[in-house]
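Notes follow the structure.
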Amino acid sequence: MLASQTGAGWSRHALPDTFQADRGALLDVAKQHRCDIAVLGPKHTADQFKLLAMDMDSTLITIECIDEIADYAGKKKEVSEITEAAMRGEIKDFSESLNRRVALLKGVPASSLQAVLNERLQLSPGAEALIAFAKQHGWKTLLVSGGFTFFTDAMKTRLGLDYTRSNTLEIVDGLLTGRVLGTIVDADVKRETVLTVCQELGCSAEQAIAMGDGANDLKMMGVAGASVAFRAKPAVQAQTDFCINVGGLDTVCQWMTGSLA
């Protein structure tokens with residue numbers, strides 16, 4: 001079943017046989033008509049899921065926090081270039097890319113983190129509605145990010161999320177040292193975190209939804225029962241169940257309520 005969004009709202013259509021195995025054709029149609037589409041199966045209803053796992057930067061929120069921190073050091077362009085290459089999958093080792101970016105932050109005042117939170121961080125459209133939907137349907141929520149604990153902790157408090165996992169920046173004497181403490185949350189850690197939380201909840205990974213925008217999200221998407229690419233890189237859209245390029249995060253709610261005309 002194909003769900004598509006038009007100016008009149010959402011509708012379901014039988015999926016032509018020619019599109020069954022051709023995701024590229026579906027994405028081309030969506031781009032041509034500026035709409036979001038999803039291939040829906042019987043399992044894609046709200047009551048089938050127990051966990052919503054989300055990436056943070058450029059998914060739950062509109063910014064890449066590390067890029068905005070770098071702006072305070074006058075190094076946003078350098079850091080952004082590495083960020084974009086990593087998200088496109090051109091830098092295969094996420095830990096390497098993160099270490100390179102964080103090293104450029106050495107000497108930046110830790111107060112810049114609060115400034116980014118207060119002045120630049122915004123939720124993506126539909127974020128609050130999606131979280132409310134998750135809670136309404138009894139889903140647990142996991143924010144698993146290659147970003148930083150300062151921001152995931154703030155989102156956990158603001159949105160009432162159940163679980164978070166992210167990276168910790170080392171701070172000495174009020175300044176960033178340019179190092180990350182502990183294990184870096186890369187694609188493998190994201191995947192393992194989803195599996196661990198599912199085990200804790202007593203559900204299978206098939207009962208999880210994984211949302212993200214970059215190559216670092218593909219492994220957790222690969223084990224989840226439903227994967228959602230939100231305004232994602234082409235390589236990510238080509239490997240996920242649902243692609244949102246026009247609507248907000250709450251598009252997922254509309255897909256899964258069974259209320260489409």
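Chains: A, B, ... in order of the structure tokens. Residues: from 1 per chain. Ligands: from 1, in order shown.
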Wanna dump the region 200-234 of chain A-region 143-164 of chain A contacts at 10 Å for me, each residue with its shortest atom pair and the distance in Å to one decimal, counting only C-alpha atoms, ordered by chain and number, as CSV?
residue,atom,partner,partner_atom,distance
A:Ala210,CA,A:Val144,CA,9.8
A:Met211,CA,A:Leu143,CA,9.7
A:Gly212,CA,A:Ser145,CA,9.5
A:Asn216,CA,A:Gly146,CA,8.0
A:Asp217,CA,A:Ser145,CA,8.9
A:Met220,CA,A:Val144,CA,9.7
Using only C-alpha atoms, determine which residues lie at most 8 Å from Gly225 (chain A), disregarding the query and same-chain residues fewer than 2 positions distant; provide the list as a short mmCIF file (atom, residue, chain, number, x, y, z; two decimals) with all heavy atoms, in the first residue's frame.
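Once everything was written out, this is result_33.cif:
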data_model
loop_
_atom_site.label_atom_id
_atom_site.label_comp_id
_atom_site.auth_asym_id
_atom_site.auth_seq_id
_atom_site.Cartn_x
_atom_site.Cartn_y
_atom_site.Cartn_z
N ALA A 205 13.10 -6.04 18.09
CA ALA A 205 13.48 -4.86 17.32
C ALA A 205 12.46 -4.57 16.22
O ALA A 205 12.34 -3.42 15.77
CB ALA A 205 14.87 -5.05 16.70
N GLU A 206 11.69 -5.57 15.82
CA GLU A 206 10.62 -5.36 14.84
C GLU A 206 9.54 -4.43 15.37
O GLU A 206 8.76 -3.87 14.61
CB GLU A 206 10.00 -6.70 14.46
CG GLU A 206 10.78 -7.48 13.44
CD GLU A 206 10.74 -6.84 12.07
OE1 GLU A 206 9.64 -6.52 11.60
OE2 GLU A 206 11.82 -6.64 11.47
N GLN A 207 9.52 -4.25 16.70
CA GLN A 207 8.53 -3.37 17.32
C GLN A 207 9.11 -1.99 17.61
O GLN A 207 8.52 -1.23 18.38
CB GLN A 207 8.00 -4.01 18.60
CG GLN A 207 7.19 -5.28 18.35
CD GLN A 207 6.82 -5.98 19.65
OE1 GLN A 207 7.65 -6.61 20.30
NE2 GLN A 207 5.56 -5.86 20.04
N ALA A 208 10.22 -1.68 16.96
CA ALA A 208 10.85 -0.37 17.11
C ALA A 208 10.75 0.41 15.80
O ALA A 208 10.80 -0.16 14.71
CB ALA A 208 12.31 -0.52 17.50
N ILE A 209 10.63 1.71 15.94
CA ILE A 209 10.72 2.65 14.81
C ILE A 209 12.02 3.42 14.99
O ILE A 209 12.29 3.92 16.08
CB ILE A 209 9.55 3.64 14.81
CG1 ILE A 209 8.21 2.92 14.71
CG2 ILE A 209 9.70 4.65 13.67
CD1 ILE A 209 7.02 3.81 14.99
N VAL A 223 17.85 -2.63 11.83
CA VAL A 223 17.32 -3.65 12.75
C VAL A 223 15.89 -3.34 13.19
O VAL A 223 15.22 -4.18 13.78
CB VAL A 223 18.21 -3.81 14.00
CG1 VAL A 223 19.60 -4.28 13.61
CG2 VAL A 223 18.27 -2.53 14.83
N SER A 227 11.69 2.09 9.47
CA SER A 227 12.75 3.08 9.41
C SER A 227 12.23 4.32 8.69
O SER A 227 11.54 4.22 7.68
CB SER A 227 13.98 2.53 8.70
OG SER A 227 13.65 2.06 7.41
#
Pick out each residue of region 80-146 of chain A that DSSP on the backbone tags as helix (DSSP H, G or I); I need them as a PyMOL selection string. chain A and resi 80-87+94-103+111-119+127-136
Find the spatial neighbours of region 64-67 of chain A, counting only C-alpha atoms, within a cut-off of 7 Å - ignore same-chain residues fewer than 3 positions away - and output them as a PyMOL selection string. chain A and resi 57-58+70-71+76+79-80
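Residues with any atom within 12 Å of Glu200 (chain A), counting only C-alpha atoms and excluding same-chain neighbours fewer than 5 positions away, are Lys50, Leu51, Lys140, Tyr163, Thr193, Val194, Leu195 and Ala205 of chain A.
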File dump, residues just selected, all heavy atoms, as an mmCIF file, in the first residue's frame:
data_model
loop_
_atom_site.group_PDB
_atom_site.id
_atom_site.type_symbol
_atom_site.label_atom_id
_atom_site.label_comp_id
_atom_site.auth_asym_id
_atom_site.auth_seq_id
_atom_site.Cartn_x
_atom_site.Cartn_y
_atom_site.Cartn_z
ATOM 1 N N LYS A 50 6.498 -0.521 20.070
ATOM 2 C CA LYS A 50 6.747 -0.303 21.496
ATOM 3 C C LYS A 50 7.815 0.753 21.758
ATOM 4 O O LYS A 50 7.906 1.278 22.869
ATOM 5 C CB LYS A 50 7.193 -1.619 22.159
ATOM 6 C CG LYS A 50 6.204 -2.761 22.026
ATOM 7 C CD LYS A 50 4.913 -2.481 22.764
ATOM 8 C CE LYS A 50 3.950 -3.668 22.682
ATOM 9 N NZ LYS A 50 2.649 -3.376 23.316
ATOM 10 N N LEU A 51 8.639 1.051 20.748
ATOM 11 C CA LEU A 51 9.765 1.964 20.938
ATOM 12 C C LEU A 51 9.915 2.890 19.748
ATOM 13 O O LEU A 51 9.854 2.456 18.601
ATOM 14 C CB LEU A 51 11.072 1.179 21.132
ATOM 15 C CG LEU A 51 12.362 2.012 21.260
ATOM 16 C CD1 LEU A 51 12.353 2.829 22.557
ATOM 17 C CD2 LEU A 51 13.594 1.123 21.185
ATOM 18 N N LYS A 140 7.718 3.758 24.261
ATOM 19 C CA LYS A 140 8.837 4.379 24.956
ATOM 20 C C LYS A 140 9.653 5.162 23.930
ATOM 21 O O LYS A 140 9.630 4.860 22.724
ATOM 22 C CB LYS A 140 9.710 3.339 25.643
ATOM 23 C CG LYS A 140 9.001 2.580 26.757
ATOM 24 C CD LYS A 140 8.567 3.515 27.869
ATOM 25 C CE LYS A 140 7.931 2.754 29.017
ATOM 26 N NZ LYS A 140 7.470 3.642 30.108
ATOM 27 N N TYR A 163 14.668 7.485 27.368
ATOM 28 C CA TYR A 163 16.071 7.075 27.322
ATOM 29 C C TYR A 163 16.867 8.036 26.436
ATOM 30 O O TYR A 163 16.334 8.554 25.449
ATOM 31 C CB TYR A 163 16.221 5.674 26.711
ATOM 32 C CG TYR A 163 15.443 4.580 27.375
ATOM 33 C CD1 TYR A 163 14.154 4.250 26.933
ATOM 34 C CD2 TYR A 163 15.988 3.835 28.429
ATOM 35 C CE1 TYR A 163 13.435 3.217 27.528
ATOM 36 C CE2 TYR A 163 15.273 2.801 29.016
ATOM 37 C CZ TYR A 163 13.999 2.495 28.567
ATOM 38 O OH TYR A 163 13.291 1.479 29.160
ATOM 39 N N THR A 193 22.320 0.083 21.048
ATOM 40 C CA THR A 193 21.469 0.762 22.024
ATOM 41 C C THR A 193 20.000 0.456 21.764
ATOM 42 O O THR A 193 19.234 0.183 22.694
ATOM 43 C CB THR A 193 21.702 2.281 21.990
ATOM 44 O OG1 THR A 193 23.078 2.551 22.281
ATOM 45 C CG2 THR A 193 20.835 2.991 23.019
ATOM 46 N N VAL A 194 19.596 0.477 20.505
ATOM 47 C CA VAL A 194 18.221 0.131 20.162
ATOM 48 C C VAL A 194 17.909 -1.299 20.588
ATOM 49 O O VAL A 194 16.869 -1.580 21.214
ATOM 50 C CB VAL A 194 17.962 0.314 18.657
ATOM 51 C CG1 VAL A 194 16.609 -0.281 18.252
ATOM 52 C CG2 VAL A 194 18.012 1.797 18.290
ATOM 53 N N LEU A 195 18.813 -2.222 20.293
ATOM 54 C CA LEU A 195 18.595 -3.623 20.651
ATOM 55 C C LEU A 195 18.538 -3.813 22.165
ATOM 56 O O LEU A 195 17.709 -4.584 22.680
ATOM 57 C CB LEU A 195 19.693 -4.498 20.046
ATOM 58 C CG LEU A 195 19.710 -4.600 18.513
ATOM 59 C CD1 LEU A 195 20.933 -5.369 18.041
ATOM 60 C CD2 LEU A 195 18.432 -5.257 17.997
ATOM 61 N N ALA A 205 13.100 -6.042 18.090
ATOM 62 C CA ALA A 205 13.479 -4.857 17.315
ATOM 63 C C ALA A 205 12.457 -4.565 16.223
ATOM 64 O O ALA A 205 12.340 -3.423 15.770
ATOM 65 C CB ALA A 205 14.866 -5.053 16.701
#
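CA of His44 (chain A) is positioned 25.7 Å from CA of Val189 (chain A).
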Which of region 15-167 of chain A end up as strand (DSSP E) when DSSP is run on this backbone - answer as an NGL selection string? :A and (37-39 or 51-54 or 140-148 or 163-167)
Next, dump the selected residues to file, keeping only N, CA and C atoms, as an mmCIF file, in the first residue's frame.
data_model
loop_
_atom_site.group_PDB
_atom_site.id
_atom_site.type_symbol
_atom_site.label_atom_id
_atom_site.label_comp_id
_atom_site.auth_asym_id
_atom_site.auth_seq_id
_atom_site.Cartn_x
_atom_site.Cartn_y
_atom_site.Cartn_z
ATOM 1 N N ILE A 37 5.855 10.163 0.597
ATOM 2 C CA ILE A 37 5.213 8.882 0.339
ATOM 3 C C ILE A 37 5.820 7.813 1.236
ATOM 4 N N ALA A 38 5.019 6.792 1.503
ATOM 5 C CA ALA A 38 5.496 5.688 2.325
ATOM 6 C C ALA A 38 4.868 4.402 1.825
ATOM 7 N N VAL A 39 5.662 3.353 1.783
ATOM 8 C CA VAL A 39 5.144 2.041 1.442
ATOM 9 C C VAL A 39 4.725 1.371 2.738
ATOM 10 N N LEU A 51 8.639 1.051 20.748
ATOM 11 C CA LEU A 51 9.765 1.964 20.938
ATOM 12 C C LEU A 51 9.915 2.890 19.748
ATOM 13 N N LEU A 52 10.126 4.167 20.038
ATOM 14 C CA LEU A 52 10.470 5.165 19.025
ATOM 15 C C LEU A 52 11.895 5.624 19.298
ATOM 16 N N ALA A 53 12.827 5.272 18.410
ATOM 17 C CA ALA A 53 14.230 5.653 18.539
ATOM 18 C C ALA A 53 14.543 6.748 17.537
ATOM 19 N N MET A 54 15.118 7.842 18.022
ATOM 20 C CA MET A 54 15.346 9.010 17.167
ATOM 21 C C MET A 54 16.787 9.490 17.254
ATOM 22 N N LYS A 140 7.718 3.758 24.261
ATOM 23 C CA LYS A 140 8.837 4.379 24.956
ATOM 24 C C LYS A 140 9.653 5.162 23.930
ATOM 25 N N THR A 141 10.361 6.174 24.398
ATOM 26 C CA THR A 141 11.111 7.044 23.491
ATOM 27 C C THR A 141 12.595 7.014 23.826
ATOM 28 N N LEU A 142 13.409 6.894 22.799
ATOM 29 C CA LEU A 142 14.864 6.837 22.919
ATOM 30 C C LEU A 142 15.477 7.873 21.990
ATOM 31 N N LEU A 143 16.297 8.747 22.553
ATOM 32 C CA LEU A 143 17.076 9.695 21.760
ATOM 33 C C LEU A 143 18.506 9.193 21.756
ATOM 34 N N VAL A 144 18.965 8.699 20.618
ATOM 35 C CA VAL A 144 20.304 8.116 20.519
ATOM 36 C C VAL A 144 21.074 8.899 19.465
ATOM 37 N N SER A 145 22.138 9.560 19.907
ATOM 38 C CA SER A 145 22.740 10.609 19.081
ATOM 39 C C SER A 145 24.269 10.542 19.074
ATOM 40 N N GLY A 146 24.830 10.863 17.924
ATOM 41 C CA GLY A 146 26.268 11.066 17.834
ATOM 42 C C GLY A 146 26.661 12.447 18.318
ATOM 43 N N GLY A 147 25.673 13.202 18.814
ATOM 44 C CA GLY A 147 25.913 14.515 19.396
ATOM 45 C C GLY A 147 26.283 14.415 20.862
ATOM 46 N N PHE A 148 25.846 15.399 21.648
ATOM 47 C CA PHE A 148 26.413 15.533 22.990
ATOM 48 C C PHE A 148 25.370 15.510 24.101
ATOM 49 N N TYR A 163 14.668 7.485 27.368
ATOM 50 C CA TYR A 163 16.071 7.075 27.322
ATOM 51 C C TYR A 163 16.867 8.036 26.436
ATOM 52 N N THR A 164 18.135 8.230 26.780
ATOM 53 C CA THR A 164 19.048 8.963 25.903
ATOM 54 C C THR A 164 20.406 8.269 25.897
ATOM 55 N N ARG A 165 21.119 8.413 24.801
ATOM 56 C CA ARG A 165 22.505 7.934 24.691
ATOM 57 C C ARG A 165 23.227 8.868 23.737
ATOM 58 N N SER A 166 24.377 9.417 24.170
ATOM 59 C CA SER A 166 25.118 10.353 23.326
ATOM 60 C C SER A 166 26.544 10.461 23.844
ATOM 61 N N ASN A 167 27.284 11.432 23.333
ATOM 62 C CA ASN A 167 28.696 11.605 23.660
ATOM 63 C C ASN A 167 28.909 12.718 24.683
#
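Close contacts of region 119-123 of chain A, defined as residues with an atom at most 6 Å away when counting only C-alpha atoms, with chain neighbours fewer than 2 positions off set aside, comprise Ile61, Thr62, Ala115, Val116 and Leu117 of chain A.
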Filtering to N, CA and C atoms, could you give me those residues as a PDB file, in the first residue's frame?
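Writing done, so here's selection32.pdb:
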ATOM      1  N   ILE A  61      15.875  17.871  16.200  1.00  0.00           N
ATOM      2  CA  ILE A  61      16.113  19.313  16.204  1.00  0.00           C
ATOM      3  C   ILE A  61      16.627  19.743  14.836  1.00  0.00           C
ATOM      4  N   THR A  62      16.559  21.046  14.571  1.00  0.00           N
ATOM      5  CA  THR A  62      16.845  21.545  13.219  1.00  0.00           C
ATOM      6  C   THR A  62      18.324  21.777  12.951  1.00  0.00           C
ATOM      7  N   ALA A 115      24.639  28.709  25.286  1.00  0.00           N
ATOM      8  CA  ALA A 115      24.252  29.728  24.304  1.00  0.00           C
ATOM      9  C   ALA A 115      23.590  29.087  23.089  1.00  0.00           C
ATOM     10  N   VAL A 116      24.149  27.961  22.626  1.00  0.00           N
ATOM     11  CA  VAL A 116      23.539  27.254  21.498  1.00  0.00           C
ATOM     12  C   VAL A 116      22.145  26.765  21.872  1.00  0.00           C
ATOM     13  N   LEU A 117      22.022  26.205  23.071  1.00  0.00           N
ATOM     14  CA  LEU A 117      20.721  25.720  23.530  1.00  0.00           C
ATOM     15  C   LEU A 117      19.697  26.843  23.601  1.00  0.00           C
TER      16      LEU A 117
END
As a check of understanding: the span from CA of Pro125 (chain A) to CA of Phe230 (chain A) is 10.9 Å
Write out as a PyMOL selection string which residues come within 10 Å of Ala232 (chain A) when counting only C-alpha atoms, dropping same-chain ones fewer than 4 positions away. chain A and resi 58-59+87-88+211-215+228+236-238+243-245
